Every structure is written in structure tokens, then in C-alpha cells.
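Everything below concerns the one structure shown next.
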Protein chains: 2
Amino acid sequence: MTEADARRRLVAGAADMIRRRGLNATSIREVAKHAATPLGSTYHYFPGGKQQLAAEAVRFAGETVGRMLAGQLAAGPVDGLRAFLALWREVLVGSEFRAGCPVLAVSVEEAPDEDRLAVLTAAAAVFDGWETQLADSLRDHGVADGEAEELATLVVAAAEGAVALCRAQRSTVPLDRVAARLESLLTAAAG
Amino acid sequence: MTEADARRRLVAGAADMIRRRGLNATSIREVAKHAATPLGSTYHYFPGGKQQLAAEAVRFAGETVGRMLAGQLAAGPVDGLRAFLALWREVLVGSEFRAGCPVLAVSVEEAPDEDRLAVLTAAAAVFDGWETQLADSLRDHGVADGEAEELATLVVAAAEGAVALCRAQRSTVPLDRVAARLESLLTAAAG
DNA sequence: GTCTATACGAAGATAGAC
DNA sequence: GTCTATCTTCGTATAGAC
């Protein structure tokens with residue numbers, strides 16, 4: 001299973017590079033080099049080229065975070081929120097504010113052709129998945145349907161935005177402030 | 001004053017291209033073409049090259065939004081919030097979800113060298129400026145210092161994140177949900 | 001001072017050798 | 001089936017003609 005291994009390394013490497021540099025500055029060449037895989041191989045594993053690799057990287061990141069979120073949400077929505085924000089905090093601090101969220105990164109670059117649209121669609125699905133997980137948990141704890149959806153969207157949007165603010169300011173202050181407000185909001189709603 | 005005019009066109013054009021494609025996919029060549037300016041001229045106006053142009057584009061966007069925000073905040077923090085979110089909504093809808101916030105765009109791409117760091121620093125200053133305007137208005141309406149800062153940061157982060165979510169999903173739903181929650185939050189705090 | 005033409009590197013993708 | 005070498009295009013930046 002060297003093949004599946006190399007493939008995984010390519011997807012994980014692409015996700016890491018995208019969350020640092022963004023999609024356009026992520027080159028297949030460098031992803032292949034970092035994964036110790038010849039350039040030609042990437043087109044064997046990913047006939048769709050860069051866009052296919054990017055779409056899989058986005059889904060890979062989405063699932064990784066989604067699994068962690070599912071585990072923590074079992075203890076309640078506020079625990080899920082804390083874990084979600086703590087994860088982004090670690091990404092920021094661990095990379096000295098050089099890395100962020102790959103799903104956010106691909107969402108702010110235009111999608112002109114059809115291929116790029118596939119990446120954007122993958123990003124939309126990831127965001128929607130996280131929101132749904134949070135909203136379900138809130139509903140399970142007695143929050144009304146509409147309010148649960150609004151709160152879940154607010155959490156995802158605020159977290160993603162805060163990550164960007166933290167990167168610009170090279171400080172965790174924005175994320176910490178957002179965490180304080182969101183926690184008190186969710187505690188009041190589903191405490 | 002053809003010179004100042006061409007310079008302005010270059011900065012405004014760069015801001016528009018960055019908010020659509022991101023910083024890396026924005027080429028000086030195309031910015032110059034779109035501004036009907038020869039490529040060589042851009043290096044006359046901006047000796048620092050692409051990074052200088054990008055930093056000015058970020059500041060330009062920051063000031064444009066900041067002026068609008070200042071005007072609307074005169075009527076109170078909730079009016080400022082509404083105008084801030086309405087502006088991003090117009091950018092999204094008016095571009096068919098192809099354009100977003102240029103300040104966000106440059107904040108999610110790595111800054112390896114010193115030049116790029118100047119762009120990131122400009123972005124940090126813009127975010128900080130918007131937050132300060134909002135926080136000041138909240139304080140003027142009786143919100144305590146710490147809470148005002150937290151709420152201001154939450155508004156900027158959530159708005160920026162929501163813009164990205166809307167672009168991915170090609171829908172204003174995320175922004176509308178965020179608007180509903182933020183409005184009720186600010187009304188409760190400073191109503 | 002303004003701009004055309006070009007240098008130089010790196011990108012995505014593929015053709016064809018092993 | 002795997003990978004090396006290459007094709008083509010486009011990027012930033014500049015040198016030198018008007």
C-alpha cells in the first residue's frame with residue numbers, strides 16, 4: 001500500500017500548504033517534492049490535476065476537524081465550541097501565525113472555470129457540515145430550530161474570521177475575544 | 001493631474017482584483033492593463049513593486065469602508081453594524097459572489113519575506129481601525145470597555161468570516177444569519 | 001519622465017523513456 | 001505502471017528607446 005500512502009501524503013501536504021499560502025501559491029511541484037513523490041505521479045493519482053488535489057485537500061481538512069468536533073460535541077455544544085476554537089488557536093500558535101484554515105483560503109479566491117468551482121463546492125460542503133454538527137447539538141440541548149442555525153453559522157463565521165484577524169495581527173487576541181463572547185452566547189442559549 | 005489619476009486607477013483596480021482573486025493571483029500585468037496603464041509605469045508609481053501596490057490597495061479599501069462606517073456610526077452602533085453588513089452584502093450580490101474583502105484575502109496568504117509583511121501589517125491596521133471605530137461607538141452608548149472591545153472584534157471577525165462562507169456557498173444566507181444574531185447582541189448591549 | 005521590448009524564472013500539464 | 005524531461009504560458013522586474 002505504498003500507493004495509498006503516497007496519495008495520502010500528497011493530500012495532507014496540499015492541505016498544509018494551502019492553509020499557509022493559499023490555493024494559488026500552492027504549486028503541485030512543491031507539494032510533490034514535500035511528499036517525496038515525483039511530479040508525474042501526482043497526475044497519475046489525481047488526473048484532474050491541481051483542482052482535484054485541492055478539492056480532496058479541502059475535504060480532508062473538513063473531515064479531520066469534523067471528527068474532532070463530533071467527539072467534543074458529545075459533551076455538549078459549549079464543549080464543542082471550546083474545542084473548535086482551541087483547535088484553531090493551536091494551528092495559529094503552532095505555526096507562529098503562518099497557517100490558518102485551508103477551507104477559508106480557497107473560499108476567498110475566485111473560481112472562474114468549472115474545475116475551480118469543484119474546489120469551492122467542496123469548501124461549501126465542509127462549512128455546511130460543521131454548521132450542521134453545531135446546530136444539531138444546540139437543538140439537542142433545547143435551542144429552537146431557527147436560533148440554533150443562526151448561532152451555528154455565527155460560530156463558524158466568527159471563528160474563521162478570527163483566524164484571519166489573528167494572522168494579520170500576529171496575535172491570538174481576536175480569537176480570544178471572540179471565544180469569550182461566543183461562549184457566553186452559547187451558555188445562555190443552551191447552558 | 002493625469003499622474004495622480006493613473007495612480008488612483010491602479011490602486012483601485014488592484015483592490016478590486018485582490019478581493020476577487022486574492023493577492024497571489026493578482027498580476028501587475030493585468031492590473032496595469034485594466035487601468036489602461038503601461039506595465040512599466042506601475043514601477044514608476046510604485047518602486048516597491050507588487051507589495052507596495054498591494055499594501056496601498058489594502059489601505060485604500062480600509063479607508064473607503066472606514067469612512068462609510070464613521071458616517072453610519074454617528075446614528076449609533078446598531079446603525080453602523082447594519083451598514084457594515086449591508087456593504088458586504090452588496091459586494092457579494094453585485095459580483096455574483098465572485099468578490100469579497102481584499103483585507104481578508106491578503107490575510108490568509110503567507111508572508112515569507114519582508115515585503116509581504118508590509119502588506120500583512122497594513123491589513124492588521126485596517127482591521128484594528130474598524131474594530132476601534134465600533135468599540136468607541138459602543139462605549140459612547142454605555143457599554144463597558146472590555147465588553148465593547150470583545151463585541152467589536154466579534155462583529156469584524158463574524159462579518160469577514162460570513163463573507164467567505166457566502167462566497168463558498170454562493171448565497172447570502174450565512175451573512176443574513178450572522179446579521180440577525182449580531183443585531184440582537186448589539187441591541188441588547190447598547191440598545 | 002514614459003513606455004516598449006525583453007530577461008529570467010516558475011507555473012501547470014504532458015509525452016515518451018524505463 | 002512510474003517517473004524524467006520538456007512544452008507552453010505567464011509571472012515579476014528591468015533596461016534602454018523615445
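Labels used: A, B, ... for chains in the order of the C-alpha cells, numbers from 1 for residues in each chain, and numbers from 1 for ligands as shown.
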Need to verify the contact set: segment 8-10 of chain C, 12 Å, only C-alpha atoms (C1' of nucleotides), exclusion of same-chain residues closer than 6 positions in sequence. Can you return it as a JSON list (two decimals) with N, CA, C and O atoms (P, O5', C5', C4', C3', O3' and C1' of nucleotides), in the first residue's frame?
```json
[["chain", "number", "residue", "atom", "x", "y", "z"],
["A", 25, "ALA", "N", -0.88, 30.02, -4.59],
["A", 25, "ALA", "CA", 0.56, 29.96, -4.33],
["A", 25, "ALA", "C", 1.01, 28.54, -3.99],
["A", 25, "ALA", "O", 2.18, 28.31, -3.73],
["A", 27, "SER", "N", 1.93, 25.14, -5.29],
["A", 27, "SER", "CA", 2.26, 24.51, -6.56],
["A", 27, "SER", "C", 2.36, 23.00, -6.41],
["A", 27, "SER", "O", 2.86, 22.48, -5.42],
["A", 28, "ILE", "N", 1.87, 22.33, -7.43],
["A", 28, "ILE", "CA", 1.93, 20.87, -7.46],
["A", 28, "ILE", "C", 3.38, 20.42, -7.32],
["A", 28, "ILE", "O", 3.68, 19.44, -6.65],
["A", 29, "ARG", "N", 4.26, 21.14, -7.96],
["A", 29, "ARG", "CA", 5.68, 20.81, -7.89],
["A", 29, "ARG", "C", 6.17, 20.68, -6.46],
["A", 29, "ARG", "O", 6.81, 19.70, -6.08],
["A", 30, "GLU", "N", 5.84, 21.68, -5.67],
["A", 30, "GLU", "CA", 6.36, 21.71, -4.30],
["A", 30, "GLU", "C", 5.64, 20.71, -3.40],
["A", 30, "GLU", "O", 6.24, 20.12, -2.50],
["D", 9, "DT", "P", 1.45, 28.79, -25.76],
["D", 9, "DT", "O5'", 1.17, 29.43, -24.32],
["D", 9, "DT", "C5'", 0.39, 28.69, -23.36],
["D", 9, "DT", "C4'", 0.53, 29.32, -21.99],
["D", 9, "DT", "C3'", 0.45, 30.85, -21.99],
["D", 9, "DT", "O3'", -0.50, 31.24, -21.02],
["D", 9, "DT", "C1'", 2.33, 30.13, -20.77],
["D", 10, "DC", "P", -1.15, 32.73, -21.09],
["D", 10, "DC", "O5'", -0.61, 33.36, -19.73],
["D", 10, "DC", "C5'", -0.71, 32.61, -18.52],
["D", 10, "DC", "C4'", 0.33, 33.10, -17.55],
["D", 10, "DC", "C3'", 0.41, 34.63, -17.46],
["D", 10, "DC", "O3'", 0.14, 35.00, -16.11],
["D", 10, "DC", "C1'", 2.56, 33.65, -17.57],
["D", 11, "DG", "P", -0.06, 36.53, -15.73],
["D", 11, "DG", "O5'", 1.07, 36.81, -14.64],
["D", 11, "DG", "C5'", 1.07, 36.05, -13.44],
["D", 11, "DG", "C4'", 2.44, 36.07, -12.80],
["D", 11, "DG", "C3'", 3.07, 37.45, -12.71],
["D", 11, "DG", "O3'", 2.67, 38.07, -11.50],
["D", 11, "DG", "C1'", 4.65, 35.86, -13.52],
["D", 12, "DT", "P", 2.90, 39.65, -11.36],
["D", 12, "DT", "O5'", 4.46, 39.77, -11.05],
["D", 12, "DT", "C5'", 5.02, 39.12, -9.90],
["D", 12, "DT", "C4'", 6.52, 39.40, -9.87],
["D", 12, "DT", "C3'", 6.87, 40.88, -9.72],
["D", 12, "DT", "O3'", 7.89, 41.01, -8.73],
["D", 12, "DT", "C1'", 7.89, 40.00, -11.68],
["D", 13, "DA", "P", 8.27, 42.48, -8.21],
["D", 13, "DA", "O5'", 9.41, 42.92, -9.23],
["D", 13, "DA", "C5'", 10.56, 42.07, -9.37],
["D", 13, "DA", "C4'", 11.33, 42.47, -10.63],
["D", 13, "DA", "C3'", 11.70, 43.95, -10.72],
["D", 13, "DA", "O3'", 13.10, 44.07, -10.51],
["D", 13, "DA", "C1'", 11.01, 43.04, -12.81],
["D", 14, "DT", "P", 13.80, 45.50, -10.38],
["D", 14, "DT", "O5'", 14.36, 45.76, -11.86],
["D", 14, "DT", "C5'", 15.08, 44.70, -12.48],
["D", 14, "DT", "C4'", 15.36, 45.01, -13.93],
["D", 14, "DT", "C3'", 15.88, 46.44, -14.21],
["D", 14, "DT", "O3'", 16.97, 46.30, -15.10],
["D", 14, "DT", "C1'", 14.13, 45.95, -15.67]]
```
Using 10 Å as the limit and counting only C-alpha atoms (C1' of nucleotides), can you tabulate each residue of chain C that touches chain A, with its shortest atom-to-atom distance in Å and the two atoms involved, as a Markdown table?
```
| residue | atom | partner | partner_atom | distance |
| --- | --- | --- | --- | --- |
| C:DA10 | C1' | A:Ser27 | CA | 9.6 |
| C:DA11 | C1' | A:Ser27 | CA | 7.4 |
| C:DG12 | C1' | A:Ile28 | CA | 8.0 |
| C:DA13 | C1' | A:Gly49 | CA | 8.1 |
| C:DT14 | C1' | A:Gly40 | CA | 8.8 |
```
Could you produce a table of the residues of segment 147-189 of chain A lying within 9 Å of segment 78-81 of chain A, with the nearest pair of atoms per residue and their separation in Å rounded to one decimal, using only C-alpha atoms, ordered by chain and increasing residue number, as JSON lines?
```
{"residue": "A:Val155", "atom": "CA", "partner": "A:Leu81", "partner_atom": "CA", "distance": 7.7}
{"residue": "A:Ala179", "atom": "CA", "partner": "A:Leu81", "partner_atom": "CA", "distance": 8.4}
{"residue": "A:Leu182", "atom": "CA", "partner": "A:Leu81", "partner_atom": "CA", "distance": 8.1}
{"residue": "A:Glu183", "atom": "CA", "partner": "A:Val78", "partner_atom": "CA", "distance": 6.5}
{"residue": "A:Leu186", "atom": "CA", "partner": "A:Val78", "partner_atom": "CA", "distance": 6.3}
{"residue": "A:Thr187", "atom": "CA", "partner": "A:Val78", "partner_atom": "CA", "distance": 6.6}
```
With all heavy atoms kept, could you save the residues just selected as a PDB file, in the first residue's frame?
```pdb
ATOM      1  N   VAL A 155     -20.984  30.968  14.828  1.00  0.00           N
ATOM      2  CA  VAL A 155     -19.776  30.361  15.397  1.00  0.00           C
ATOM      3  C   VAL A 155     -18.751  30.082  14.297  1.00  0.00           C
ATOM      4  O   VAL A 155     -17.575  30.462  14.419  1.00  0.00           O
ATOM      5  CB  VAL A 155     -20.111  29.058  16.155  1.00  0.00           C
ATOM      6  CG1 VAL A 155     -18.849  28.260  16.444  1.00  0.00           C
ATOM      7  CG2 VAL A 155     -20.849  29.376  17.442  1.00  0.00           C
ATOM      8  N   ALA A 179     -13.893  34.120  21.394  1.00  0.00           N
ATOM      9  CA  ALA A 179     -14.201  32.959  22.239  1.00  0.00           C
ATOM     10  C   ALA A 179     -15.018  33.377  23.456  1.00  0.00           C
ATOM     11  O   ALA A 179     -16.012  32.719  23.811  1.00  0.00           O
ATOM     12  CB  ALA A 179     -12.908  32.274  22.675  1.00  0.00           C
ATOM     13  N   LEU A 182     -18.659  34.253  22.290  1.00  0.00           N
ATOM     14  CA  LEU A 182     -19.412  33.101  21.792  1.00  0.00           C
ATOM     15  C   LEU A 182     -19.759  32.140  22.919  1.00  0.00           C
ATOM     16  O   LEU A 182     -20.853  31.573  22.960  1.00  0.00           O
ATOM     17  CB  LEU A 182     -18.611  32.364  20.706  1.00  0.00           C
ATOM     18  CG  LEU A 182     -18.447  33.080  19.362  1.00  0.00           C
ATOM     19  CD1 LEU A 182     -17.636  32.227  18.401  1.00  0.00           C
ATOM     20  CD2 LEU A 182     -19.801  33.439  18.749  1.00  0.00           C
ATOM     21  N   GLU A 183     -18.826  31.980  23.842  1.00  0.00           N
ATOM     22  CA  GLU A 183     -19.078  31.058  24.945  1.00  0.00           C
ATOM     23  C   GLU A 183     -20.244  31.558  25.800  1.00  0.00           C
ATOM     24  O   GLU A 183     -21.117  30.773  26.182  1.00  0.00           O
ATOM     25  CB  GLU A 183     -17.813  30.915  25.786  1.00  0.00           C
ATOM     26  CG  GLU A 183     -17.691  29.549  26.428  1.00  0.00           C
ATOM     27  CD  GLU A 183     -16.340  29.349  27.099  1.00  0.00           C
ATOM     28  OE1 GLU A 183     -15.310  29.356  26.395  1.00  0.00           O
ATOM     29  OE2 GLU A 183     -16.328  29.196  28.334  1.00  0.00           O
ATOM     30  N   LEU A 186     -23.523  30.953  23.783  1.00  0.00           N
ATOM     31  CA  LEU A 186     -23.993  29.569  23.736  1.00  0.00           C
ATOM     32  C   LEU A 186     -24.402  29.068  25.127  1.00  0.00           C
ATOM     33  O   LEU A 186     -25.341  28.267  25.242  1.00  0.00           O
ATOM     34  CB  LEU A 186     -22.916  28.658  23.138  1.00  0.00           C
ATOM     35  CG  LEU A 186     -23.124  28.314  21.662  1.00  0.00           C
ATOM     36  CD1 LEU A 186     -23.130  29.565  20.821  1.00  0.00           C
ATOM     37  CD2 LEU A 186     -22.077  27.334  21.156  1.00  0.00           C
ATOM     38  N   THR A 187     -23.708  29.536  26.151  1.00  0.00           N
ATOM     39  CA  THR A 187     -24.084  29.133  27.503  1.00  0.00           C
ATOM     40  C   THR A 187     -25.479  29.647  27.847  1.00  0.00           C
ATOM     41  O   THR A 187     -26.305  28.933  28.424  1.00  0.00           O
ATOM     42  CB  THR A 187     -23.062  29.673  28.525  1.00  0.00           C
ATOM     43  OG1 THR A 187     -21.756  29.221  28.156  1.00  0.00           O
ATOM     44  CG2 THR A 187     -23.380  29.175  29.924  1.00  0.00           C
TER      45      THR A 187
END
```
Counting only C-alpha atoms (C1' of nucleotides), what are the residues of chain D within 9 Å of chain A, and for each of them which pair of atoms is the nearest and at what distance in Å, to one decimal? Sort the table by chain and rising number, as a tab-separated table.
```
residue	atom	partner	partner_atom	distance
D:DT2	C1'	A:Ser41	CA	7.1
D:DC3	C1'	A:Gly40	CA	6.1
D:DT4	C1'	A:Gly40	CA	8.5
```
Tell me as a PDB file with all heavy atoms, in the first residue's frame which residues belonging to chain B come within 6 Å of chain A, counting only C-alpha atoms.
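And here is the file that came out, out-v7.pdb:
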```
ATOM      1  N   ARG B  20     -11.235  39.761  -5.466  1.00  0.00           N
ATOM      2  CA  ARG B  20     -11.820  38.669  -6.256  1.00  0.00           C
ATOM      3  C   ARG B  20     -10.902  37.448  -6.262  1.00  0.00           C
ATOM      4  O   ARG B  20     -11.300  36.347  -5.915  1.00  0.00           O
ATOM      5  CB  ARG B  20     -12.029  39.117  -7.709  1.00  0.00           C
ATOM      6  CG  ARG B  20     -13.151  40.121  -7.859  1.00  0.00           C
ATOM      7  CD  ARG B  20     -13.212  40.665  -9.284  1.00  0.00           C
ATOM      8  NE  ARG B  20     -14.236  41.692  -9.388  1.00  0.00           N
ATOM      9  CZ  ARG B  20     -15.507  41.451  -9.677  1.00  0.00           C
ATOM     10  NH1 ARG B  20     -15.897  40.224  -9.901  1.00  0.00           N
ATOM     11  NH2 ARG B  20     -16.381  42.438  -9.741  1.00  0.00           N
ATOM     12  N   ARG B  21      -9.656  37.650  -6.642  1.00  0.00           N
ATOM     13  CA  ARG B  21      -8.756  36.521  -6.899  1.00  0.00           C
ATOM     14  C   ARG B  21      -7.798  36.215  -5.768  1.00  0.00           C
ATOM     15  O   ARG B  21      -7.121  35.183  -5.790  1.00  0.00           O
ATOM     16  CB  ARG B  21      -7.909  36.823  -8.123  1.00  0.00           C
ATOM     17  CG  ARG B  21      -8.719  37.220  -9.305  1.00  0.00           C
ATOM     18  CD  ARG B  21      -7.803  37.362 -10.481  1.00  0.00           C
ATOM     19  NE  ARG B  21      -8.535  37.795 -11.654  1.00  0.00           N
ATOM     20  CZ  ARG B  21      -7.967  38.036 -12.819  1.00  0.00           C
ATOM     21  NH1 ARG B  21      -6.664  37.897 -12.930  1.00  0.00           N
ATOM     22  NH2 ARG B  21      -8.683  38.405 -13.841  1.00  0.00           N
ATOM     23  N   GLY B  22      -7.633  37.153  -4.845  1.00  0.00           N
ATOM     24  CA  GLY B  22      -6.591  37.000  -3.848  1.00  0.00           C
ATOM     25  C   GLY B  22      -5.315  37.675  -4.314  1.00  0.00           C
ATOM     26  O   GLY B  22      -5.214  38.107  -5.467  1.00  0.00           O
ATOM     27  N   ARG B  98     -18.522  36.654  -6.520  1.00  0.00           N
ATOM     28  CA  ARG B  98     -17.154  36.472  -7.005  1.00  0.00           C
ATOM     29  C   ARG B  98     -16.175  37.396  -6.291  1.00  0.00           C
ATOM     30  O   ARG B  98     -14.967  37.193  -6.375  1.00  0.00           O
ATOM     31  CB  ARG B  98     -17.093  36.695  -8.510  1.00  0.00           C
ATOM     32  CG  ARG B  98     -17.592  35.485  -9.296  1.00  0.00           C
ATOM     33  CD  ARG B  98     -17.096  35.527 -10.740  1.00  0.00           C
ATOM     34  NE  ARG B  98     -18.032  36.248 -11.590  1.00  0.00           N
ATOM     35  CZ  ARG B  98     -18.986  35.655 -12.318  1.00  0.00           C
ATOM     36  NH1 ARG B  98     -19.109  34.351 -12.293  1.00  0.00           N
ATOM     37  NH2 ARG B  98     -19.794  36.353 -13.061  1.00  0.00           N
ATOM     38  N   ALA B 105      -8.515  38.734   2.111  1.00  0.00           N
ATOM     39  CA  ALA B 105      -7.783  37.954   1.113  1.00  0.00           C
ATOM     40  C   ALA B 105      -6.279  37.957   1.376  1.00  0.00           C
ATOM     41  O   ALA B 105      -5.635  36.910   1.305  1.00  0.00           O
ATOM     42  CB  ALA B 105      -8.079  38.483  -0.290  1.00  0.00           C
ATOM     43  N   SER B 107      -4.866  38.429   4.152  1.00  0.00           N
ATOM     44  CA  SER B 107      -4.578  37.913   5.496  1.00  0.00           C
ATOM     45  C   SER B 107      -4.459  36.396   5.536  1.00  0.00           C
ATOM     46  O   SER B 107      -3.978  35.847   6.528  1.00  0.00           O
ATOM     47  CB  SER B 107      -5.669  38.353   6.479  1.00  0.00           C
ATOM     48  OG  SER B 107      -5.721  39.758   6.554  1.00  0.00           O
ATOM     49  N   VAL B 108      -4.901  35.715   4.484  1.00  0.00           N
ATOM     50  CA  VAL B 108      -4.848  34.249   4.502  1.00  0.00           C
ATOM     51  C   VAL B 108      -3.754  33.702   3.596  1.00  0.00           C
ATOM     52  O   VAL B 108      -3.727  32.515   3.303  1.00  0.00           O
ATOM     53  CB  VAL B 108      -6.202  33.624   4.129  1.00  0.00           C
ATOM     54  CG1 VAL B 108      -7.277  34.060   5.097  1.00  0.00           C
ATOM     55  CG2 VAL B 108      -6.584  33.969   2.717  1.00  0.00           C
ATOM     56  N   GLU B 109      -2.863  34.590   3.140  1.00  0.00           N
ATOM     57  CA  GLU B 109      -1.731  34.115   2.344  1.00  0.00           C
ATOM     58  C   GLU B 109      -0.444  34.431   3.086  1.00  0.00           C
ATOM     59  O   GLU B 109      -0.250  35.525   3.583  1.00  0.00           O
ATOM     60  CB  GLU B 109      -1.756  34.780   0.961  1.00  0.00           C
ATOM     61  CG  GLU B 109      -3.015  34.435   0.175  1.00  0.00           C
ATOM     62  CD  GLU B 109      -3.003  35.015  -1.240  1.00  0.00           C
ATOM     63  OE1 GLU B 109      -1.935  35.254  -1.793  1.00  0.00           O
ATOM     64  OE2 GLU B 109      -4.103  35.233  -1.791  1.00  0.00           O
ATOM     65  N   GLU B 110       0.418  33.445   3.159  1.00  0.00           N
ATOM     66  CA  GLU B 110       1.630  33.549   3.965  1.00  0.00           C
ATOM     67  C   GLU B 110       2.500  34.743   3.589  1.00  0.00           C
ATOM     68  O   GLU B 110       2.562  35.143   2.437  1.00  0.00           O
ATOM     69  CB  GLU B 110       2.462  32.270   3.815  1.00  0.00           C
ATOM     70  CG  GLU B 110       3.486  32.101   4.931  1.00  0.00           C
ATOM     71  CD  GLU B 110       4.195  30.751   4.809  1.00  0.00           C
ATOM     72  OE1 GLU B 110       4.495  30.348   3.678  1.00  0.00           O
ATOM     73  OE2 GLU B 110       4.409  30.106   5.855  1.00  0.00           O
ATOM     74  N   LEU B 120       0.738  42.567   5.168  1.00  0.00           N
ATOM     75  CA  LEU B 120       0.038  41.999   6.318  1.00  0.00           C
ATOM     76  C   LEU B 120      -0.133  43.049   7.419  1.00  0.00           C
ATOM     77  O   LEU B 120      -1.184  43.113   8.079  1.00  0.00           O
ATOM     78  CB  LEU B 120       0.834  40.805   6.857  1.00  0.00           C
ATOM     79  CG  LEU B 120       0.022  39.668   7.454  1.00  0.00           C
ATOM     80  CD1 LEU B 120      -0.896  39.076   6.411  1.00  0.00           C
ATOM     81  CD2 LEU B 120       0.925  38.614   8.048  1.00  0.00           C
ATOM     82  N   ALA B 124      -3.573  44.361   9.155  1.00  0.00           N
ATOM     83  CA  ALA B 124      -3.804  44.393  10.601  1.00  0.00           C
ATOM     84  C   ALA B 124      -4.287  45.775  11.033  1.00  0.00           C
ATOM     85  O   ALA B 124      -5.210  45.900  11.854  1.00  0.00           O
ATOM     86  CB  ALA B 124      -2.523  44.009  11.348  1.00  0.00           C
ATOM     87  N   GLU B 150     -14.641  43.345  22.969  1.00  0.00           N
ATOM     88  CA  GLU B 150     -14.971  41.982  22.552  1.00  0.00           C
ATOM     89  C   GLU B 150     -16.047  41.976  21.475  1.00  0.00           C
ATOM     90  O   GLU B 150     -15.957  41.251  20.485  1.00  0.00           O
ATOM     91  CB  GLU B 150     -15.413  41.145  23.757  1.00  0.00           C
ATOM     92  CG  GLU B 150     -14.272  40.763  24.685  1.00  0.00           C
ATOM     93  CD  GLU B 150     -14.749  39.966  25.897  1.00  0.00           C
ATOM     94  OE1 GLU B 150     -15.949  39.641  25.964  1.00  0.00           O
ATOM     95  OE2 GLU B 150     -13.912  39.693  26.777  1.00  0.00           O
ATOM     96  N   LEU B 154     -15.788  40.723  17.614  1.00  0.00           N
ATOM     97  CA  LEU B 154     -16.726  39.702  17.139  1.00  0.00           C
ATOM     98  C   LEU B 154     -17.427  40.143  15.860  1.00  0.00           C
ATOM     99  O   LEU B 154     -17.579  39.355  14.917  1.00  0.00           O
ATOM    100  CB  LEU B 154     -17.767  39.390  18.225  1.00  0.00           C
ATOM    101  CG  LEU B 154     -18.852  38.378  17.833  1.00  0.00           C
ATOM    102  CD1 LEU B 154     -18.254  37.004  17.575  1.00  0.00           C
ATOM    103  CD2 LEU B 154     -19.937  38.282  18.910  1.00  0.00           C
ATOM    104  N   ALA B 157     -14.837  40.016  12.921  1.00  0.00           N
ATOM    105  CA  ALA B 157     -14.489  38.621  12.600  1.00  0.00           C
ATOM    106  C   ALA B 157     -15.662  37.899  11.962  1.00  0.00           C
ATOM    107  O   ALA B 157     -15.512  37.220  10.936  1.00  0.00           O
ATOM    108  CB  ALA B 157     -14.025  37.894  13.863  1.00  0.00           C
ATOM    109  N   ALA B 158     -16.845  38.049  12.554  1.00  0.00           N
ATOM    110  CA  ALA B 158     -18.016  37.341  12.032  1.00  0.00           C
ATOM    111  C   ALA B 158     -18.384  37.841  10.640  1.00  0.00           C
ATOM    112  O   ALA B 158     -18.762  37.050   9.762  1.00  0.00           O
ATOM    113  CB  ALA B 158     -19.195  37.509  12.988  1.00  0.00           C
ATOM    114  N   GLU B 160     -16.350  39.193   8.361  1.00  0.00           N
ATOM    115  CA  GLU B 160     -15.344  38.706   7.413  1.00  0.00           C
ATOM    116  C   GLU B 160     -15.525  37.216   7.131  1.00  0.00           C
ATOM    117  O   GLU B 160     -15.465  36.768   5.983  1.00  0.00           O
ATOM    118  CB  GLU B 160     -13.930  38.973   7.955  1.00  0.00           C
ATOM    119  CG  GLU B 160     -13.567  40.452   8.054  1.00  0.00           C
ATOM    120  CD  GLU B 160     -13.298  41.070   6.684  1.00  0.00           C
ATOM    121  OE1 GLU B 160     -13.095  40.317   5.723  1.00  0.00           O
ATOM    122  OE2 GLU B 160     -13.309  42.311   6.583  1.00  0.00           O
ATOM    123  N   GLY B 161     -15.731  36.453   8.193  1.00  0.00           N
ATOM    124  CA  GLY B 161     -15.942  35.023   8.005  1.00  0.00           C
ATOM    125  C   GLY B 161     -17.203  34.744   7.204  1.00  0.00           C
ATOM    126  O   GLY B 161     -17.219  33.878   6.323  1.00  0.00           O
ATOM    127  N   ALA B 162     -18.254  35.495   7.491  1.00  0.00           N
ATOM    128  CA  ALA B 162     -19.518  35.279   6.783  1.00  0.00           C
ATOM    129  C   ALA B 162     -19.375  35.573   5.297  1.00  0.00           C
ATOM    130  O   ALA B 162     -19.955  34.870   4.457  1.00  0.00           O
ATOM    131  CB  ALA B 162     -20.617  36.158   7.389  1.00  0.00           C
ATOM    132  N   ALA B 164     -16.763  35.057   3.512  1.00  0.00           N
ATOM    133  CA  ALA B 164     -16.115  33.874   2.926  1.00  0.00           C
ATOM    134  C   ALA B 164     -17.115  32.725   2.785  1.00  0.00           C
ATOM    135  O   ALA B 164     -17.152  32.037   1.764  1.00  0.00           O
ATOM    136  CB  ALA B 164     -14.931  33.457   3.788  1.00  0.00           C
ATOM    137  N   ALA B 168     -18.337  30.782  -0.711  1.00  0.00           N
ATOM    138  CA  ALA B 168     -18.259  29.340  -0.931  1.00  0.00           C
ATOM    139  C   ALA B 168     -19.631  28.773  -1.294  1.00  0.00           C
ATOM    140  O   ALA B 168     -19.756  27.951  -2.193  1.00  0.00           O
ATOM    141  CB  ALA B 168     -17.698  28.651   0.306  1.00  0.00           C
ATOM    142  N   GLN B 169     -20.661  29.237  -0.586  1.00  0.00           N
ATOM    143  CA  GLN B 169     -21.997  28.677  -0.788  1.00  0.00           C
ATOM    144  C   GLN B 169     -22.796  29.416  -1.860  1.00  0.00           C
ATOM    145  O   GLN B 169     -23.920  29.026  -2.177  1.00  0.00           O
ATOM    146  CB  GLN B 169     -22.759  28.678   0.547  1.00  0.00           C
ATOM    147  CG  GLN B 169     -21.974  28.006   1.663  1.00  0.00           C
ATOM    148  CD  GLN B 169     -22.796  27.734   2.899  1.00  0.00           C
ATOM    149  OE1 GLN B 169     -23.917  28.193   3.028  1.00  0.00           O
ATOM    150  NE2 GLN B 169     -22.214  26.972   3.823  1.00  0.00           N
ATOM    151  N   ARG B 177     -27.854  35.328   8.500  1.00  0.00           N
ATOM    152  CA  ARG B 177     -27.959  34.720   9.822  1.00  0.00           C
ATOM    153  C   ARG B 177     -27.068  35.442  10.826  1.00  0.00           C
ATOM    154  O   ARG B 177     -27.465  35.728  11.953  1.00  0.00           O
ATOM    155  CB  ARG B 177     -27.542  33.242   9.750  1.00  0.00           C
ATOM    156  CG  ARG B 177     -28.578  32.351   9.102  1.00  0.00           C
ATOM    157  CD  ARG B 177     -28.140  30.902   9.192  1.00  0.00           C
ATOM    158  NE  ARG B 177     -29.082  30.027   8.508  1.00  0.00           N
ATOM    159  CZ  ARG B 177     -28.789  28.806   8.065  1.00  0.00           C
ATOM    160  NH1 ARG B 177     -27.566  28.316   8.245  1.00  0.00           N
ATOM    161  NH2 ARG B 177     -29.689  28.066   7.465  1.00  0.00           N
ATOM    162  N   VAL B 178     -25.849  35.721  10.402  1.00  0.00           N
ATOM    163  CA  VAL B 178     -24.911  36.427  11.273  1.00  0.00           C
ATOM    164  C   VAL B 178     -25.464  37.812  11.625  1.00  0.00           C
ATOM    165  O   VAL B 178     -25.375  38.262  12.770  1.00  0.00           O
ATOM    166  CB  VAL B 178     -23.530  36.527  10.593  1.00  0.00           C
ATOM    167  CG1 VAL B 178     -22.657  37.571  11.268  1.00  0.00           C
ATOM    168  CG2 VAL B 178     -22.838  35.168  10.601  1.00  0.00           C
TER     169      VAL B 178
END
```
DSSP alpha helix (DSSP H) selection over segment 3-190 of chain B, as a PyMOL selection string: chain B and resi 3-21+28-34+39-45+49-73+77-94+102-107+114-140+145-169+173-190
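Here atom CA of Ala83 of chain A and atom CA of Ser171 of chain A stand 19.0 Å from one another.
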